[in-house]
file work26.tsv (TSV, C-alpha atoms)
chain	number	residue	atom	x	y	z
A	460	HIS	CA	139.31	-75.36	-6.10
A	461	ASN	CA	139.03	-72.12	-7.99
A	462	HIS	CA	140.81	-69.07	-6.52
A	463	ILE	CA	139.61	-66.48	-9.03
A	464	THR	CA	138.63	-63.09	-7.68
A	465	VAL	CA	136.13	-61.08	-9.68
A	466	THR	CA	136.30	-57.33	-9.22
A	467	PRO	CA	133.70	-55.21	-10.99
A	468	ARG	CA	135.00	-52.32	-13.04
A	469	VAL	CA	133.52	-49.02	-12.01
A	470	ALA	CA	134.03	-45.81	-13.97
A	471	GLU	CA	135.98	-43.12	-12.12
A	472	ARG	CA	133.21	-40.56	-12.69
A	473	ASP	CA	130.70	-43.02	-11.19
A	474	ILE	CA	132.89	-43.47	-8.10
A	475	LYS	CA	133.17	-39.69	-7.69
A	476	ARG	CA	129.41	-39.25	-8.16
A	477	ARG	CA	128.55	-41.92	-5.59
A	478	ILE	CA	130.93	-40.48	-3.00
A	479	THR	CA	129.65	-36.94	-3.54
A	480	HIS	CA	126.07	-38.18	-3.22
A	481	ALA	CA	126.91	-40.02	0.02
A	482	LEU	CA	128.55	-36.87	1.40
A	483	HIS	CA	125.45	-34.82	0.55
A	484	GLN	CA	123.35	-37.33	2.52
A	485	ASN	CA	125.53	-36.82	5.60
A	486	ALA	CA	124.32	-33.73	7.47
A	487	ASP	CA	127.61	-33.53	9.40
A	488	VAL	CA	129.78	-32.90	6.34
A	489	ASP	CA	129.92	-29.64	4.36
A	490	VAL	CA	130.55	-30.99	0.87
A	491	ARG	CA	131.24	-27.55	-0.62
A	492	HIS	CA	134.76	-27.64	0.84
A	493	ILE	CA	135.71	-31.21	-0.11
A	494	GLN	CA	137.21	-32.27	-3.43
A	495	VAL	CA	136.98	-35.89	-4.57
A	496	THR	CA	139.42	-37.26	-7.13
A	497	ALA	CA	139.23	-40.84	-8.42
A	498	GLU	CA	142.21	-42.52	-10.05
A	499	GLY	CA	141.16	-46.05	-10.85
A	500	THR	CA	140.29	-47.68	-7.53
A	501	LEU	CA	142.14	-44.98	-5.53
A	502	VAL	CA	140.17	-42.02	-4.17
A	503	ILE	CA	141.92	-38.84	-3.03
A	504	LEU	CA	140.04	-36.49	-0.70
A	505	SER	CA	141.20	-32.92	-0.20
A	506	GLY	CA	139.79	-29.69	1.17
A	507	MET	CA	138.89	-28.40	4.61
A	508	VAL	CA	136.28	-29.29	7.25
A	509	ASP	CA	135.43	-27.97	10.73
A	510	SER	CA	136.00	-31.14	12.78
A	511	TRP	CA	137.76	-34.49	12.93
A	512	SER	CA	134.38	-36.25	12.86
A	513	GLN	CA	133.58	-34.59	9.52
A	514	ARG	CA	136.95	-35.70	8.17
A	515	ALA	CA	136.31	-39.28	9.31
A	516	ALA	CA	132.77	-39.25	7.86
A	517	ALA	CA	134.12	-38.18	4.47
A	518	GLU	CA	136.72	-40.96	4.54
A	519	ASP	CA	134.08	-43.53	5.53
A	520	ALA	CA	131.80	-42.45	2.67
A	521	ALA	CA	134.67	-42.73	0.19
A	522	SER	CA	135.86	-46.12	1.43
A	523	GLN	CA	132.36	-47.61	1.18
A	524	ALA	CA	131.83	-46.63	-2.47
A	525	PRO	CA	131.77	-49.59	-4.87
A	526	GLY	CA	135.08	-50.07	-6.68
A	527	VAL	CA	137.20	-48.18	-4.14
A	528	THR	CA	140.13	-50.11	-2.71
A	529	HIS	CA	142.13	-47.27	-1.14
A	530	VAL	CA	141.43	-43.74	0.15
A	531	ASP	CA	144.09	-41.05	0.61
A	532	ASN	CA	142.55	-38.52	2.97
A	533	HIS	CA	144.24	-35.11	2.66
A	534	ILE	CA	141.37	-33.16	4.23
A	535	SER	CA	142.53	-30.48	6.68
A	536	VAL	CA	140.66	-29.71	9.89
A	537	SER	CA	140.18	-26.05	10.78
A	538	PRO	CA	137.54	-25.35	13.44
A	539	ALA	CA	135.06	-22.60	12.64
A	540	PRO	CA	135.73	-19.35	14.51
A	541	LEU	CA	133.75	-18.86	17.69
A	542	ALA	CA	130.97	-16.28	17.68
A	543	GLU	CA	131.98	-12.95	19.18
A	544	ASP	CA	130.98	-12.36	22.78
A	545	ASP	CA	128.12	-9.86	23.13
A	546	GLY	CA	129.15	-8.85	26.65
A	547	ASP	CA	126.23	-10.53	28.44
A	548	GLU	CA	128.35	-13.15	30.11
A	549	ILE	CA	126.71	-15.23	32.82
A	550	CYS	CA	129.07	-16.62	35.44

call {"tool": "encode", "arguments": {"input": "work26.tsv", "output": "structure tokens"}}
result
Amino acid sequence: HNHITVTPRVAERDIKRRITHALHQNADVDVRHIQVTAEGTLVILSGMVDSWSQRAAAEDAASQAPGVTHVDNHISVSPAPLAEDDGDEIC
């Protein structure tokens, strides 16, 4: 029996490009506020999003990129401010 594991080498810039592209495809995530850093097979996400679902979507996109074995998600969640009330409240 042969127990050799073959792992393809992927360039860090290619990993970053693929993750950024996947984030652009996801309408729920505002990519302008997310930074992606690749260090070998480790990806570090940082920045700020409006919801926990956006944070999770960014982590999912990063973890599914070819060549990524670990994701450190440092994205902060800060909900967008609510629109000001115009005084026409219906109760």

call {"tool": "residues_around", "arguments": {"input": "work26.tsv", "residues": "Ile503 (chain A)", "least_positions_apart": "2", "cutoff": "6 Å", "atoms": "only C-alpha atoms", "output": "ChimeraX atom specification"}}
result
/A:495-496,530-531

call {"tool": "closest_residue", "arguments": {"input": "work26.tsv", "among": "A:Val488, A:Ile493, A:Ala481, A:Val527", "to": "Ser512 (chain A)", "atoms": "all atoms listed in the file"}}
result
A:Val488

call {"tool": "closest_atom_pairs", "arguments": {"input": "work26.tsv", "of": "region 477-505 of chain A", "to": "region 470-473 of chain A", "cutoff": "12 Å", "atoms": "all atoms listed in the file", "output": "Markdown table"}}
result
| residue | atom | partner | partner_atom | distance |
| --- | --- | --- | --- | --- |
| A:Arg477 | CA | A:Asp473 | CA | 6.1 |
| A:Ile478 | CA | A:Asp473 | CA | 8.6 |
| A:Thr479 | CA | A:Asp473 | CA | 9.8 |
| A:His480 | CA | A:Asp473 | CA | 10.4 |
| A:Val495 | CA | A:Arg472 | CA | 10.1 |
| A:Thr496 | CA | A:Glu471 | CA | 8.4 |
| A:Ala497 | CA | A:Glu471 | CA | 5.4 |
| A:Glu498 | CA | A:Glu471 | CA | 6.6 |
| A:Gly499 | CA | A:Glu471 | CA | 6.1 |
| A:Thr500 | CA | A:Glu471 | CA | 7.8 |
| A:Leu501 | CA | A:Glu471 | CA | 9.2 |
| A:Val502 | CA | A:Glu471 | CA | 9.1 |
| A:Ile503 | CA | A:Glu471 | CA | 11.7 |

call {"tool": "atom_distance", "arguments": {"input": "work26.tsv", "atom1": "CA of Gln494 (chain A)", "atom2": "CA of Gly506 (chain A)"}}
result
5.9 Å

call {"tool": "closest_residue", "arguments": {"input": "work26.tsv", "among": "A:Ile474, A:Ala521, A:Ser510, A:Ser505", "to": "Pro540 (chain A)", "atoms": "all atoms listed in the file"}}
result
A:Ser510

call {"tool": "atom_distance", "arguments": {"input": "work26.tsv", "atom1": "CA of Leu504 (chain A)", "atom2": "CA of Ile534 (chain A)"}}
result
6.1 Å

call {"tool": "atom_distance", "arguments": {"input": "work26.tsv", "atom1": "CA of Ala515 (chain A)", "atom2": "CA of Asn532 (chain A)"}}
result
8.9 Å

call {"tool": "residues_near_point", "arguments": {"input": "work26.tsv", "point": "(128.3, -41.7, 4.8)", "cutoff": "8 Å", "atoms": "only C-alpha atoms", "output": "ChimeraX atom specification"}}
result
/A:481-482,484-485,516-517,519-521

call {"tool": "closest_residue", "arguments": {"input": "work26.tsv", "among": "A:Ala524, A:Ala539, A:His529, A:Met507", "to": "Arg476 (chain A)", "atoms": "only C-alpha atoms"}}
result
A:Ala524

call {"tool": "decode", "arguments": {"input": "work26.tsv", "residues": "region 524-538 of chain A", "atoms": "all heavy atoms", "output": "mmCIF file, in the first residue's frame"}}
result
data_model
loop_
_atom_site.group_PDB
_atom_site.id
_atom_site.type_symbol
_atom_site.label_atom_id
_atom_site.label_comp_id
_atom_site.auth_asym_id
_atom_site.auth_seq_id
_atom_site.Cartn_x
_atom_site.Cartn_y
_atom_site.Cartn_z
ATOM 1 N N ALA A 524 -11.307 27.679 -1.307
ATOM 2 C CA ALA A 524 -10.335 27.972 -2.365
ATOM 3 C C ALA A 524 -9.290 26.865 -2.433
ATOM 4 O O ALA A 524 -8.848 26.357 -1.392
ATOM 5 C CB ALA A 524 -9.662 29.316 -2.108
ATOM 6 N N PRO A 525 -8.898 26.462 -3.639
ATOM 7 C CA PRO A 525 -7.879 25.418 -3.788
ATOM 8 C C PRO A 525 -6.560 25.820 -3.120
ATOM 9 O O PRO A 525 -6.118 26.958 -3.241
ATOM 10 C CB PRO A 525 -7.689 25.316 -5.301
ATOM 11 C CG PRO A 525 -8.917 25.904 -5.885
ATOM 12 C CD PRO A 525 -9.390 26.948 -4.917
ATOM 13 N N GLY A 526 -5.981 24.909 -2.379
ATOM 14 C CA GLY A 526 -4.695 25.156 -1.734
ATOM 15 C C GLY A 526 -4.798 25.695 -0.323
ATOM 16 O O GLY A 526 -3.796 25.801 0.372
ATOM 17 N N VAL A 527 -5.992 26.042 0.129
ATOM 18 C CA VAL A 527 -6.170 26.595 1.473
ATOM 19 C C VAL A 527 -6.417 25.462 2.461
ATOM 20 O O VAL A 527 -7.295 24.632 2.264
ATOM 21 C CB VAL A 527 -7.346 27.598 1.510
ATOM 22 C CG1 VAL A 527 -7.613 28.076 2.933
ATOM 23 C CG2 VAL A 527 -7.066 28.779 0.601
ATOM 24 N N THR A 528 -5.620 25.433 3.527
ATOM 25 C CA THR A 528 -5.802 24.404 4.552
ATOM 26 C C THR A 528 -6.316 24.993 5.866
ATOM 27 O O THR A 528 -6.820 24.261 6.708
ATOM 28 C CB THR A 528 -4.495 23.656 4.829
ATOM 29 O OG1 THR A 528 -3.506 24.590 5.271
ATOM 30 C CG2 THR A 528 -4.016 22.926 3.583
ATOM 31 N N HIS A 529 -6.165 26.304 6.053
ATOM 32 C CA HIS A 529 -6.610 26.928 7.296
ATOM 33 C C HIS A 529 -6.992 28.379 7.032
ATOM 34 O O HIS A 529 -6.338 29.069 6.255
ATOM 35 C CB HIS A 529 -5.507 26.871 8.352
ATOM 36 C CG HIS A 529 -5.942 27.328 9.696
ATOM 37 N ND1 HIS A 529 -6.773 26.590 10.503
ATOM 38 C CD2 HIS A 529 -5.695 28.468 10.366
ATOM 39 C CE1 HIS A 529 -6.995 27.253 11.625
ATOM 40 N NE2 HIS A 529 -6.361 28.406 11.560
ATOM 41 N N VAL A 530 -8.062 28.846 7.701
ATOM 42 C CA VAL A 530 -8.519 30.228 7.581
ATOM 43 C C VAL A 530 -8.585 30.841 8.967
ATOM 44 O O VAL A 530 -9.224 30.291 9.865
ATOM 45 C CB VAL A 530 -9.917 30.318 6.914
ATOM 46 C CG1 VAL A 530 -10.401 31.754 6.868
ATOM 47 C CG2 VAL A 530 -9.882 29.714 5.523
ATOM 48 N N ASP A 531 -7.898 31.968 9.160
ATOM 49 C CA ASP A 531 -8.019 32.763 10.383
ATOM 50 C C ASP A 531 -8.940 33.927 10.051
ATOM 51 O O ASP A 531 -8.584 34.811 9.265
ATOM 52 C CB ASP A 531 -6.666 33.294 10.849
ATOM 53 C CG ASP A 531 -5.838 32.260 11.582
ATOM 54 O OD1 ASP A 531 -6.415 31.226 11.986
ATOM 55 O OD2 ASP A 531 -4.633 32.478 11.741
ATOM 56 N N ASN A 532 -10.126 33.914 10.637
ATOM 57 C CA ASN A 532 -11.124 34.929 10.332
ATOM 58 C C ASN A 532 -11.102 36.001 11.418
ATOM 59 O O ASN A 532 -11.544 35.774 12.536
ATOM 60 C CB ASN A 532 -12.513 34.288 10.224
ATOM 61 C CG ASN A 532 -13.542 35.237 9.678
ATOM 62 O OD1 ASN A 532 -13.331 36.435 9.604
ATOM 63 N ND2 ASN A 532 -14.671 34.701 9.287
ATOM 64 N N HIS A 533 -10.571 37.173 11.068
ATOM 65 C CA HIS A 533 -10.495 38.306 11.988
ATOM 66 C C HIS A 533 -11.465 39.405 11.570
ATOM 67 O O HIS A 533 -11.267 40.569 11.932
ATOM 68 C CB HIS A 533 -9.071 38.856 12.041
ATOM 69 C CG HIS A 533 -8.062 37.865 12.527
ATOM 70 N ND1 HIS A 533 -7.921 37.540 13.859
ATOM 71 C CD2 HIS A 533 -7.170 37.103 11.863
ATOM 72 C CE1 HIS A 533 -6.966 36.639 13.986
ATOM 73 N NE2 HIS A 533 -6.497 36.347 12.791
ATOM 74 N N ILE A 534 -12.484 39.067 10.816
ATOM 75 C CA ILE A 534 -13.457 40.051 10.347
ATOM 76 C C ILE A 534 -14.355 40.453 11.514
ATOM 77 O O ILE A 534 -14.877 39.600 12.228
ATOM 78 C CB ILE A 534 -14.310 39.485 9.195
ATOM 79 C CG1 ILE A 534 -13.416 39.185 7.994
ATOM 80 C CG2 ILE A 534 -15.416 40.454 8.814
ATOM 81 C CD1 ILE A 534 -14.140 38.497 6.856
ATOM 82 N N SER A 535 -14.524 41.754 11.699
ATOM 83 C CA SER A 535 -15.406 42.289 12.741
ATOM 84 C C SER A 535 -16.798 42.495 12.173
ATOM 85 O O SER A 535 -16.962 42.779 10.990
ATOM 86 C CB SER A 535 -14.878 43.630 13.251
ATOM 87 O OG SER A 535 -13.602 43.476 13.808
ATOM 88 N N VAL A 536 -17.801 42.371 13.037
ATOM 89 C CA VAL A 536 -19.185 42.593 12.633
ATOM 90 C C VAL A 536 -19.670 43.874 13.294
ATOM 91 O O VAL A 536 -19.615 44.017 14.518
ATOM 92 C CB VAL A 536 -20.091 41.415 13.037
ATOM 93 C CG1 VAL A 536 -21.537 41.694 12.677
ATOM 94 C CG2 VAL A 536 -19.606 40.130 12.387
ATOM 95 N N SER A 537 -20.115 44.818 12.462
ATOM 96 C CA SER A 537 -20.656 46.084 12.945
ATOM 97 C C SER A 537 -21.886 46.402 12.116
ATOM 98 O O SER A 537 -21.762 46.832 10.958
ATOM 99 C CB SER A 537 -19.608 47.194 12.808
ATOM 100 O OG SER A 537 -20.152 48.416 13.232
ATOM 101 N N PRO A 538 -23.080 46.180 12.668
ATOM 102 C CA PRO A 538 -24.303 46.414 11.891
ATOM 103 C C PRO A 538 -24.375 47.846 11.376
ATOM 104 O O PRO A 538 -23.942 48.787 12.035
ATOM 105 C CB PRO A 538 -25.422 46.149 12.904
ATOM 106 C CG PRO A 538 -24.798 45.326 13.969
ATOM 107 C CD PRO A 538 -23.355 45.733 14.020
#
